[in-house]
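Visitor: Dropping a structure here in structure tokens format, bear with me for questions.
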Amino acid sequence: MIRLYHGSNIKIEMPDLIHSKPYKDFGSGFYLSPDKQQAWDMAFQKVSQTQEGKAEVTEFLFDDSKMTSSELKVLVYPDYCEEWALFVLANRNRKAKHPIHDYDMVYGPIANDGVTYQLRRYEGGVISLTRLVEELKYAKGITFQYYFGTDRALKLLTRT
């Protein structure tokens, strides 16, 4: 079992997909971090963006052995790479048909906040795919996120 954290401007009693926002790194879903400080950073960012609520971090337990079982369709990016960058860009692309995938879970690095700008530069031929990967790296260093994109995946989380 591992501990995962979700930062928001509200305490999460029961995670759901109804409140998920589209155009995120791995699509519309429920995101958690194994890094509690990262979750707090996201909570403060959410409060700043919405000007509502207060920073809250909700803790969950997750049996990460489920990620290798046949019960879930899981995609894992253990590091920044070109495939990861293209996946993030496809999920963040507002012109693409969404959802772009049917994974229950995705695990991988967080992209920086300049994704939209970098997408335009890459699509316009201003930067290469290799450069795009570098541009999308999170400024605070590599930090990973867990995406839960289906109710089947969400049921595997236990709130502490």
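Here's how to read the names in the structure tokens: chain A, B, ... by the order shown, residue numbers from 1 in each chain, ligand numbers from 1 in the order shown.
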Any chance you could list, as a list in words, the residues in range 50-159 of chain A that come up strand (DSSP E or B) when DSSP is run on the backbone?

Guide: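 In range 50-159 of chain A, DSSP puts these residues in strand (DSSP E or B): Glu56, Val57, Thr58, Glu59, Phe60, Leu61, Phe62, Val74, Leu75, Val76, Met105, Val106, Tyr107, Gly108, Pro109, Ala111, Lys137, Phe144, Gln145, Tyr146, Tyr147, Phe148, Leu157, Thr158 and Arg159 of chain A.
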
Visitor: Do you know which residues are at most 8 Å from Val133 in chain A counting only C-alpha atoms, after dropping those on the same chain fewer than 4 positions away, and could you put them as a count of residues only?

Guide: 6

Visitor: Would you kindly return, as a PyMOL selection string, each protein, DNA or RNA residue with an atom no farther than 12 Å from any atom of Lys97 in chain A, considering only C-alpha atoms and excluding same-chain residues fewer than 4 positions away?

Guide: chain A and resi 22-23+27+90-93+101

Visitor: Here is a test: counting only C-alpha atoms, which residue of A:Thr68, A:Thr130, A:Ser28, A:Thr116 is nearest to Trp84 in chain A?

Guide: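 Of the candidates, the smallest distance to Trp84 in chain A is held by A:Thr130.
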
Visitor: Could you tell me which of A:Ile110, A:Leu32, A:Ala96, A:Val115 comes closest to Tyr77 in chain A if we count only C-alpha atoms?

Guide: A:Ile110

Visitor: What is the CA of Ser65 in chain A to CA of His19 in chain A distance in Å?

Guide: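 So the two atoms, CA of Ser65 in chain A and CA of His19 in chain A, lie 26.9 Å apart.
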
Visitor: Mind checking which residues fall within 9 Å of Phe30 in chain A, counting only C-alpha atoms, ignoring those fewer than 3 positions away in the same chain, and posting them as a tab-separated table (two decimals) with all heavy atoms, in the first residue's frame?

Guide:
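Saved the output as around.tsv:
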chain	number	residue	atom	x	y	z
A	6	HIS	N	-4.21	14.25	-2.67
A	6	HIS	CA	-4.91	15.09	-3.63
A	6	HIS	C	-5.05	16.49	-3.04
A	6	HIS	O	-5.61	16.66	-1.95
A	6	HIS	CB	-6.30	14.52	-3.95
A	6	HIS	CG	-7.08	15.35	-4.90
A	6	HIS	ND1	-6.91	15.26	-6.27
A	6	HIS	CD2	-8.01	16.31	-4.69
A	6	HIS	CE1	-7.72	16.11	-6.86
A	6	HIS	NE2	-8.40	16.76	-5.92
A	15	PRO	N	-13.91	10.58	-3.91
A	15	PRO	CA	-13.46	11.01	-5.24
A	15	PRO	C	-14.47	10.58	-6.32
A	15	PRO	O	-15.09	9.53	-6.20
A	15	PRO	CB	-12.12	10.32	-5.42
A	15	PRO	CG	-12.13	9.18	-4.48
A	15	PRO	CD	-13.03	9.56	-3.35
A	16	ASP	N	-14.64	11.44	-7.31
A	16	ASP	CA	-15.51	11.11	-8.43
A	16	ASP	C	-14.94	11.73	-9.70
A	16	ASP	O	-13.98	12.49	-9.65
A	16	ASP	CB	-16.94	11.60	-8.17
A	16	ASP	CG	-17.04	13.11	-8.06
A	16	ASP	OD1	-16.58	13.83	-8.98
A	16	ASP	OD2	-17.57	13.60	-7.05
A	17	LEU	N	-15.52	11.39	-10.81
A	17	LEU	CA	-15.06	11.91	-12.10
A	17	LEU	C	-15.93	13.06	-12.58
A	17	LEU	O	-15.59	13.74	-13.54
A	17	LEU	CB	-15.02	10.78	-13.13
A	17	LEU	CG	-14.06	9.65	-12.77
A	17	LEU	CD1	-14.21	8.49	-13.74
A	17	LEU	CD2	-12.63	10.15	-12.74
A	19	HIS	N	-16.48	15.94	-11.26
A	19	HIS	CA	-15.85	17.24	-11.07
A	19	HIS	C	-14.51	17.37	-11.78
A	19	HIS	O	-13.82	18.38	-11.63
A	19	HIS	CB	-15.68	17.51	-9.57
A	19	HIS	CG	-16.98	17.60	-8.85
A	19	HIS	ND1	-17.54	16.52	-8.20
A	19	HIS	CD2	-17.85	18.62	-8.71
A	19	HIS	CE1	-18.70	16.88	-7.68
A	19	HIS	NE2	-18.91	18.14	-7.98
A	20	SER	N	-14.13	16.38	-12.55
A	20	SER	CA	-12.85	16.40	-13.26
A	20	SER	C	-12.86	17.43	-14.38
A	20	SER	O	-13.85	17.55	-15.10
A	20	SER	CB	-12.54	15.02	-13.84
A	20	SER	OG	-12.47	14.05	-12.83
A	21	LYS	N	-11.76	18.10	-14.52
A	21	LYS	CA	-11.60	19.10	-15.58
A	21	LYS	C	-10.95	18.45	-16.80
A	21	LYS	O	-10.06	17.63	-16.66
A	21	LYS	CB	-10.73	20.26	-15.09
A	21	LYS	CG	-11.25	20.94	-13.84
A	21	LYS	CD	-12.35	21.91	-14.17
A	21	LYS	CE	-12.74	22.75	-12.99
A	21	LYS	NZ	-13.83	22.24	-12.22
A	146	TYR	N	-0.45	10.30	-10.34
A	146	TYR	CA	-1.31	9.16	-10.63
A	146	TYR	C	-2.63	9.71	-11.13
A	146	TYR	O	-3.25	10.54	-10.47
A	146	TYR	CB	-1.57	8.34	-9.37
A	146	TYR	CG	-0.41	7.52	-8.89
A	146	TYR	CD1	0.63	8.11	-8.17
A	146	TYR	CD2	-0.35	6.16	-9.13
A	146	TYR	CE1	1.70	7.35	-7.71
A	146	TYR	CE2	0.71	5.39	-8.67
A	146	TYR	CZ	1.72	5.99	-7.96
A	146	TYR	OH	2.78	5.24	-7.51
A	147	TYR	N	-3.06	9.20	-12.28
A	147	TYR	CA	-4.34	9.58	-12.87
A	147	TYR	C	-5.28	8.39	-12.72
A	147	TYR	O	-4.94	7.27	-13.09
A	147	TYR	CB	-4.11	9.91	-14.35
A	147	TYR	CG	-5.31	9.80	-15.24
A	147	TYR	CD1	-6.12	10.91	-15.50
A	147	TYR	CD2	-5.62	8.60	-15.88
A	147	TYR	CE1	-7.21	10.81	-16.35
A	147	TYR	CE2	-6.71	8.49	-16.73
A	147	TYR	CZ	-7.51	9.60	-16.96
A	147	TYR	OH	-8.58	9.50	-17.80
A	148	PHE	N	-6.44	8.64	-12.14
A	148	PHE	CA	-7.50	7.64	-12.03
A	148	PHE	C	-8.62	8.11	-12.94
A	148	PHE	O	-9.27	9.13	-12.67
A	148	PHE	CB	-7.98	7.52	-10.59
A	148	PHE	CG	-6.97	6.87	-9.67
A	148	PHE	CD1	-5.83	7.55	-9.27
A	148	PHE	CD2	-7.17	5.57	-9.22
A	148	PHE	CE1	-4.90	6.94	-8.44
A	148	PHE	CE2	-6.25	4.96	-8.38
A	148	PHE	CZ	-5.10	5.65	-7.99
A	149	GLY	N	-8.85	7.40	-14.04
A	149	GLY	CA	-9.76	7.88	-15.07
A	149	GLY	C	-11.07	7.14	-15.19
A	149	GLY	O	-11.89	7.50	-16.04
A	150	THR	N	-11.28	6.10	-14.36
A	150	THR	CA	-12.52	5.35	-14.41
A	150	THR	C	-13.02	5.09	-13.00
A	150	THR	O	-12.25	5.11	-12.03
A	150	THR	CB	-12.34	3.99	-15.12
A	150	THR	OG1	-11.42	3.19	-14.37
A	150	THR	CG2	-11.85	4.16	-16.56
A	154	LEU	N	-11.10	4.30	-9.38
A	154	LEU	CA	-11.38	5.08	-8.17
A	154	LEU	C	-11.78	4.19	-6.98
A	154	LEU	O	-11.46	4.51	-5.85
A	154	LEU	CB	-12.50	6.10	-8.42
A	154	LEU	CG	-12.14	7.33	-9.23
A	154	LEU	CD1	-13.36	8.20	-9.45
A	154	LEU	CD2	-11.03	8.13	-8.58

Visitor: Using DSSP assignments from the backbone, pull out every residue in chain A that falls under helix (DSSP H, G or I) and give it to me as a PyMOL selection string.

Guide: chain A and resi 36-50+64-68+82-92+115-123+129-136+151-154

Visitor: Contacts of Met67 in chain A at 12 Å or less, counting only C-alpha atoms, minus same-chain residues fewer than 3 places along, as a ChimeraX atom specification?

Guide: /A:1,62-64,70-76,103-107,146-148,153,156

Visitor: What is the distance between CA of Lys155 in chain A and CA of Lys66 in chain A, in Å to one decimal?

Guide: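 These atoms are spaced 11.6 Å apart.
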
Visitor: With only C-alpha atoms as the basis for distance, which of A:Leu89, A:Ile18, A:Ile100, A:Ala55 is at the shortest distance from Tyr117 in chain A?

Guide: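 Comparing A:Leu89, A:Ile18, A:Ile100, A:Ala55 against Tyr117 in chain A, the winner is A:Leu89.
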
Visitor: Restricting the calculation to only C-alpha atoms: of A:Ser128, A:Gln118, A:Gln145, A:Ser69, which residue gets closest to Met42 in chain A?

Guide: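 Of A:Ser128, A:Gln118, A:Gln145, A:Ser69, the one nearest Met42 in chain A, counting only C-alpha atoms, is A:Gln145.
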
Visitor: For the atom pair CA of Asp151 in chain A and CA of Gly29 in chain A, what is the interatomic distance in Å to one decimal place?

Guide: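 Separation between CA of Asp151 in chain A and CA of Gly29 in chain A: 9.7 Å.
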
Visitor: For Ser8 in chain A, which of A:Glu56, A:Asp25, A:Asp35, A:Asp41 is the closest residue, counting only C-alpha atoms?

Guide: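 Between A:Glu56, A:Asp25, A:Asp35, A:Asp41, the residue approaching Ser8 in chain A most closely is A:Glu56.
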